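Engineer: Encoded as structure tokens, here's the structure I'll be asking about.
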Amino acid sequence: MSATITHVLGARPNFVKAAPVIRALAALGHSQRVVHTGQHYDERMSDVFFVQLGLPEPDINLGVGSGTQATQTADVLVGMEREFLDNPPSLVVLYGDVNSTVGASLAGAKLGVPLAHVEAGLRSFDNTMPEEINRRLTDQLCDLLFCTSPEALGHLAREGRPDAAMHLVGNPMIDTLVANLDKFDAAAARAAHGLGDGRYVVATLHRPANVDSPARAAELVRALHEVAAEVDVIIPLHPRGRATLSAAGLLDSERIHVVEPLGYIEFMSLVRGATAIVTDSGGVQEETTLLRVPCLTLRPNTERPITITSGSNRLVTNEELAAAVLKACDDGPYAGELPPLWDGQAGPRIARIITTWLAAR
């Protein structure tokens with residue numbers, strides 16, 4: 001096939017979702033181009049994921065780097081406009097809800113480039129989250145909307161998106177998890193981080209609402225110290241919030257282990273062996289569901305409510321956090337049903353729909 005499909009990736013969750021889609025499209029003979037916007041520019045936050053997930057080396061890296069919401073989005077928009085003009089695609093596939101996603105969607109829409117959104121229709125209904133704005137705008141501009149859970153279809157319908165554009169395909173992030181399960185070595189992860197044979201909790205924290213305010217960070221650190229009094233806590237600490245959390249005394253407990261951001265295999269190995277997870281990330285809520293590790297999400301809402309209704313995830317406040325984590329440790333693994341179509345075949349479903357759609361054009 002001569003038509004080129006361009007994938008736009010900017011942050012680690014995008015890479016995890018894109019890998020099975022790119023692989024499935026390659027198996028059907030499509031010509032593809034991978035654009036890395038450089039939104040995540042640290043090697044540990046980006047390059048190692050390409051290697052571990054078997055992603056093709058990006059055809060171009062825009063080198064956007066860090067910046068304010070406006071600066072980052074604007075730089076992506078300018079870079080992607082140039083990319084689309086230099087290398088006109090038959091379809092652009094966008095992933096998730098980061099600034100790279102919305103910047104590329106705006107650039108493509110203004111040039112009349114067909115767009116597809118993987119993970120469409122997720123809603124937290126919290127417009128203070130930049131990701132919520134990114135999701136809503138992207139879904140309004142896309143021709144193909146690939147949904148990971150049933151409620152996303154209803155959200156898109158209420159926003160006026162046509163039924164023909166929407167496709168419930170399952171979750172490509174779960175595809176990647178299933179494909180790599182035999183590589184997740186919890187024992188090796190314990191040994192690498194000196195966790196011994198006891199129970200431990202993994203925490204991932206990066207959202208502004210949790211880590212930007214010194215007062216909020218202090219509440220969070222107090223809760224983590226309370227957890228650490230009973231069980232080891234390991235935190236692969238995102239650059240965002242490192243100074244604030246450290247200043248709040250995060251390192252004052254010997255049972256809180258702060259490490260640098262980890263590669264996909266290393267991080268999921270830690271998660272697989274954990275007794276519970278504390279997070280403010282979206283994707284981790286889904287990954288823990290499949291791995292059946294109890295998840296406590298430090299947010300007032302989630303765009304992934306299917307993890308709540310399935311019973312694998314619970315929203316908590318700082319005040320509730322310690323008690324909820326320790327209870328989850330005592331309750332043991334999640335034993336409920338997995339969400340529909342979380343079977344490791346989302347990538348092939350997406351590839352078949354794209355192939356049919358392109359042929360019809």
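Going through the structure tokens in order, the chains are called A, B, and so on, while each chain numbers its residues from 1 and the ligands are numbered from 1 in the order shown.
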Mind listing the strand (DSSP E) residues of region 15-210 of chain A, per DSSP on the backbone, as a list in words?

Structural biologist: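 Output for region 15-210 of chain A, strand (DSSP E) only: Ser31, Gln32, Arg33, Val34, Val35, His36, Ile60, Asn61, Leu91, Val92, Val93, Leu94, Tyr95, Leu115, Ala116, His117, Val118, Leu144, Leu145, Phe146, Cys147, Met166, His167, Leu168, Tyr200, Val201, Val202, Ala203 and Thr204 of chain A.
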
Engineer: What would the file look like if the residues just selected were written as a JSON list (two decimals), in the first residue's frame with N, CA and C atoms?

Structural biologist:
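As a result, out_32.json now contains:
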[["chain", "number", "residue", "atom", "x", "y", "z"],
["A", 31, "SER", "N", 2.35, 1.50, 4.69],
["A", 31, "SER", "CA", 3.50, 2.37, 4.85],
["A", 31, "SER", "C", 3.23, 3.31, 6.02],
["A", 32, "GLN", "N", 4.20, 3.44, 6.94],
["A", 32, "GLN", "CA", 3.96, 4.23, 8.14],
["A", 32, "GLN", "C", 5.12, 5.17, 8.41],
["A", 33, "ARG", "N", 4.78, 6.26, 9.09],
["A", 33, "ARG", "CA", 5.77, 7.24, 9.50],
["A", 33, "ARG", "C", 5.52, 7.55, 10.97],
["A", 34, "VAL", "N", 6.58, 7.61, 11.77],
["A", 34, "VAL", "CA", 6.47, 7.86, 13.20],
["A", 34, "VAL", "C", 7.10, 9.21, 13.52],
["A", 35, "VAL", "N", 6.30, 10.10, 14.11],
["A", 35, "VAL", "CA", 6.79, 11.41, 14.52],
["A", 35, "VAL", "C", 6.82, 11.45, 16.05],
["A", 36, "HIS", "N", 7.98, 11.72, 16.60],
["A", 36, "HIS", "CA", 8.14, 11.92, 18.04],
["A", 36, "HIS", "C", 8.23, 13.43, 18.26],
["A", 60, "ILE", "N", 11.24, 11.39, 12.59],
["A", 60, "ILE", "CA", 11.65, 12.74, 12.94],
["A", 60, "ILE", "C", 11.32, 12.98, 14.41],
["A", 61, "ASN", "N", 12.16, 13.76, 15.08],
["A", 61, "ASN", "CA", 11.90, 14.19, 16.45],
["A", 61, "ASN", "C", 11.84, 15.71, 16.43],
["A", 91, "LEU", "N", -3.57, 9.36, 6.57],
["A", 91, "LEU", "CA", -4.27, 9.37, 7.86],
["A", 91, "LEU", "C", -3.23, 9.63, 8.94],
["A", 92, "VAL", "N", -3.62, 10.42, 9.94],
["A", 92, "VAL", "CA", -2.77, 10.64, 11.11],
["A", 92, "VAL", "C", -3.43, 9.96, 12.30],
["A", 93, "VAL", "N", -2.66, 9.17, 13.04],
["A", 93, "VAL", "CA", -3.17, 8.49, 14.23],
["A", 93, "VAL", "C", -2.60, 9.18, 15.46],
["A", 94, "LEU", "N", -3.50, 9.65, 16.31],
["A", 94, "LEU", "CA", -3.15, 10.37, 17.54],
["A", 94, "LEU", "C", -3.48, 9.49, 18.74],
["A", 95, "TYR", "N", -2.75, 9.69, 19.82],
["A", 95, "TYR", "CA", -2.89, 8.83, 20.99],
["A", 95, "TYR", "C", -3.07, 9.66, 22.26],
["A", 115, "LEU", "N", -7.88, 12.42, 10.44],
["A", 115, "LEU", "CA", -7.34, 12.16, 11.78],
["A", 115, "LEU", "C", -8.07, 11.02, 12.45],
["A", 116, "ALA", "N", -7.32, 10.22, 13.21],
["A", 116, "ALA", "CA", -7.89, 9.16, 14.05],
["A", 116, "ALA", "C", -7.38, 9.34, 15.47],
["A", 117, "HIS", "N", -8.22, 9.06, 16.46],
["A", 117, "HIS", "CA", -7.83, 9.21, 17.86],
["A", 117, "HIS", "C", -7.99, 7.88, 18.59],
["A", 118, "VAL", "N", -6.89, 7.37, 19.07],
["A", 118, "VAL", "CA", -6.89, 6.15, 19.88],
["A", 118, "VAL", "C", -7.05, 6.55, 21.34],
["A", 144, "LEU", "N", -11.96, 9.29, 12.79],
["A", 144, "LEU", "CA", -12.09, 7.96, 13.37],
["A", 144, "LEU", "C", -11.84, 8.06, 14.87],
["A", 145, "LEU", "N", -12.73, 7.46, 15.67],
["A", 145, "LEU", "CA", -12.65, 7.56, 17.12],
["A", 145, "LEU", "C", -12.62, 6.14, 17.70],
["A", 146, "PHE", "N", -11.47, 5.75, 18.21],
["A", 146, "PHE", "CA", -11.28, 4.40, 18.73],
["A", 146, "PHE", "C", -11.41, 4.42, 20.25],
["A", 147, "CYS", "N", -12.43, 3.71, 20.77],
["A", 147, "CYS", "CA", -12.79, 3.77, 22.19],
["A", 147, "CYS", "C", -12.31, 2.52, 22.92],
["A", 166, "MET", "N", -17.36, 6.16, 15.45],
["A", 166, "MET", "CA", -17.00, 5.55, 16.73],
["A", 166, "MET", "C", -16.83, 4.04, 16.63],
["A", 167, "HIS", "N", -15.78, 3.54, 17.27],
["A", 167, "HIS", "CA", -15.50, 2.10, 17.24],
["A", 167, "HIS", "C", -14.99, 1.65, 18.61],
["A", 168, "LEU", "N", -15.70, 0.71, 19.23],
["A", 168, "LEU", "CA", -15.23, 0.12, 20.48],
["A", 168, "LEU", "C", -14.24, -0.99, 20.13],
["A", 200, "TYR", "N", 5.43, -4.46, 49.49],
["A", 200, "TYR", "CA", 5.79, -3.08, 49.16],
["A", 200, "TYR", "C", 4.68, -2.45, 48.33],
["A", 201, "VAL", "N", 4.67, -1.12, 48.35],
["A", 201, "VAL", "CA", 3.71, -0.31, 47.60],
["A", 201, "VAL", "C", 4.48, 0.54, 46.61],
["A", 202, "VAL", "N", 3.96, 0.65, 45.38],
["A", 202, "VAL", "CA", 4.55, 1.53, 44.37],
["A", 202, "VAL", "C", 3.69, 2.79, 44.29],
["A", 203, "ALA", "N", 4.35, 3.95, 44.25],
["A", 203, "ALA", "CA", 3.64, 5.22, 44.09],
["A", 203, "ALA", "C", 4.15, 5.95, 42.87],
["A", 204, "THR", "N", 3.23, 6.52, 42.06],
["A", 204, "THR", "CA", 3.60, 7.38, 40.93],
["A", 204, "THR", "C", 2.79, 8.66, 41.05]]

Engineer: Which residues, written as a ChimeraX atom specification, have at least one atom at most 12 Å from Ala3 (chain A), with only C-alpha atoms counted and residues fewer than 4 positions away on the same chain left out?

Structural biologist: /A:25,29-33,87-92,354-355,358-359,361

Engineer: Please produce a file of those selected residues containing C-alpha atoms, as a compact mmCIF listing (two decimals), in the first residue's frame.

Structural biologist:
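File written: result_5.txt
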# COMPACT_ATOMS: atom_id res chain seq x y z
CA LEU A 25 -0.71 -2.01 10.51
CA GLY A 29 1.34 -3.90 4.57
CA HIS A 30 0.80 -0.22 5.33
CA SER A 31 3.50 2.37 4.85
CA GLN A 32 3.96 4.23 8.14
CA ARG A 33 5.77 7.24 9.50
CA ASN A 87 5.16 14.47 4.13
CA PRO A 88 1.40 14.49 3.39
CA PRO A 89 -0.25 11.50 5.12
CA SER A 90 -3.34 9.53 4.16
CA LEU A 91 -4.27 9.37 7.86
CA VAL A 92 -2.77 10.64 11.11
CA ILE A 354 -8.24 1.77 9.36
CA THR A 355 -7.59 -0.49 6.37
CA LEU A 358 -8.80 3.96 3.76
CA ALA A 359 -9.98 1.55 1.06
CA ARG A 361 -11.77 6.59 0.41

Engineer: List every residue of region 118-356 of chain A that DSSP, applied to the backbone of this structure, assigns to alpha helix (DSSP H), and report them as a ChimeraX atom specification.

Structural biologist: /A:130-141,150-158,172-179,186-192,208-211,214-228,242-247,264-273,283-291,306-309,318-331,346-356

Engineer: Using only C-alpha atoms, which residue out of A:Ala109, A:Met129, A:Ala218, A:Leu270 lies closest to Ala192 (chain A)?

Structural biologist: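 Among the listed residues, A:Leu270 lies closest to Ala192 (chain A).
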
Engineer: Residues at most 12 Å from Pro58 (chain A), counting only C-alpha atoms, excluding those fewer than 3 positions away in the same chain, as an mmCIF file with C-alpha atoms, in the first residue's frame?

Structural biologist:
data_model
loop_
_atom_site.group_PDB
_atom_site.id
_atom_site.type_symbol
_atom_site.label_atom_id
_atom_site.label_comp_id
_atom_site.auth_asym_id
_atom_site.auth_seq_id
_atom_site.Cartn_x
_atom_site.Cartn_y
_atom_site.Cartn_z
ATOM 1 C CA THR A 6 1.571 8.951 10.310
ATOM 2 C CA HIS A 7 1.652 8.274 14.061
ATOM 3 C CA VAL A 8 2.224 11.209 16.419
ATOM 4 C CA LEU A 9 3.804 10.313 19.770
ATOM 5 C CA GLY A 10 4.868 12.667 22.513
ATOM 6 C CA PHE A 15 4.377 4.839 23.086
ATOM 7 C CA ILE A 22 1.941 0.162 14.461
ATOM 8 C CA GLN A 32 3.958 4.229 8.139
ATOM 9 C CA ARG A 33 5.772 7.241 9.503
ATOM 10 C CA VAL A 34 6.465 7.863 13.205
ATOM 11 C CA VAL A 35 6.786 11.408 14.521
ATOM 12 C CA HIS A 36 8.139 11.919 18.040
ATOM 13 C CA THR A 37 7.322 15.439 19.184
ATOM 14 C CA GLY A 38 9.947 15.296 21.927
ATOM 15 C CA SER A 46 11.290 8.322 26.024
ATOM 16 C CA ASP A 47 14.052 6.556 24.101
ATOM 17 C CA PHE A 49 10.460 2.912 25.674
ATOM 18 C CA PHE A 50 11.035 2.753 21.918
ATOM 19 C CA VAL A 51 13.673 0.077 22.442
ATOM 20 C CA GLY A 54 9.970 -2.680 19.654
ATOM 21 C CA LEU A 55 8.788 0.595 18.144
ATOM 22 C CA ASN A 61 11.903 14.190 16.452
ATOM 23 C CA LEU A 62 10.521 17.713 16.740
ATOM 24 C CA GLY A 63 12.460 18.336 19.955
#

Engineer: Ranking A:Val231, A:Ala223, A:Ala276, A:Leu341 by minimum distance to Leu321 (chain A) and counting only C-alpha atoms, which one comes first?

Structural biologist: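 Checking each candidate against Leu321 (chain A), we get A:Ala223 as the closest.
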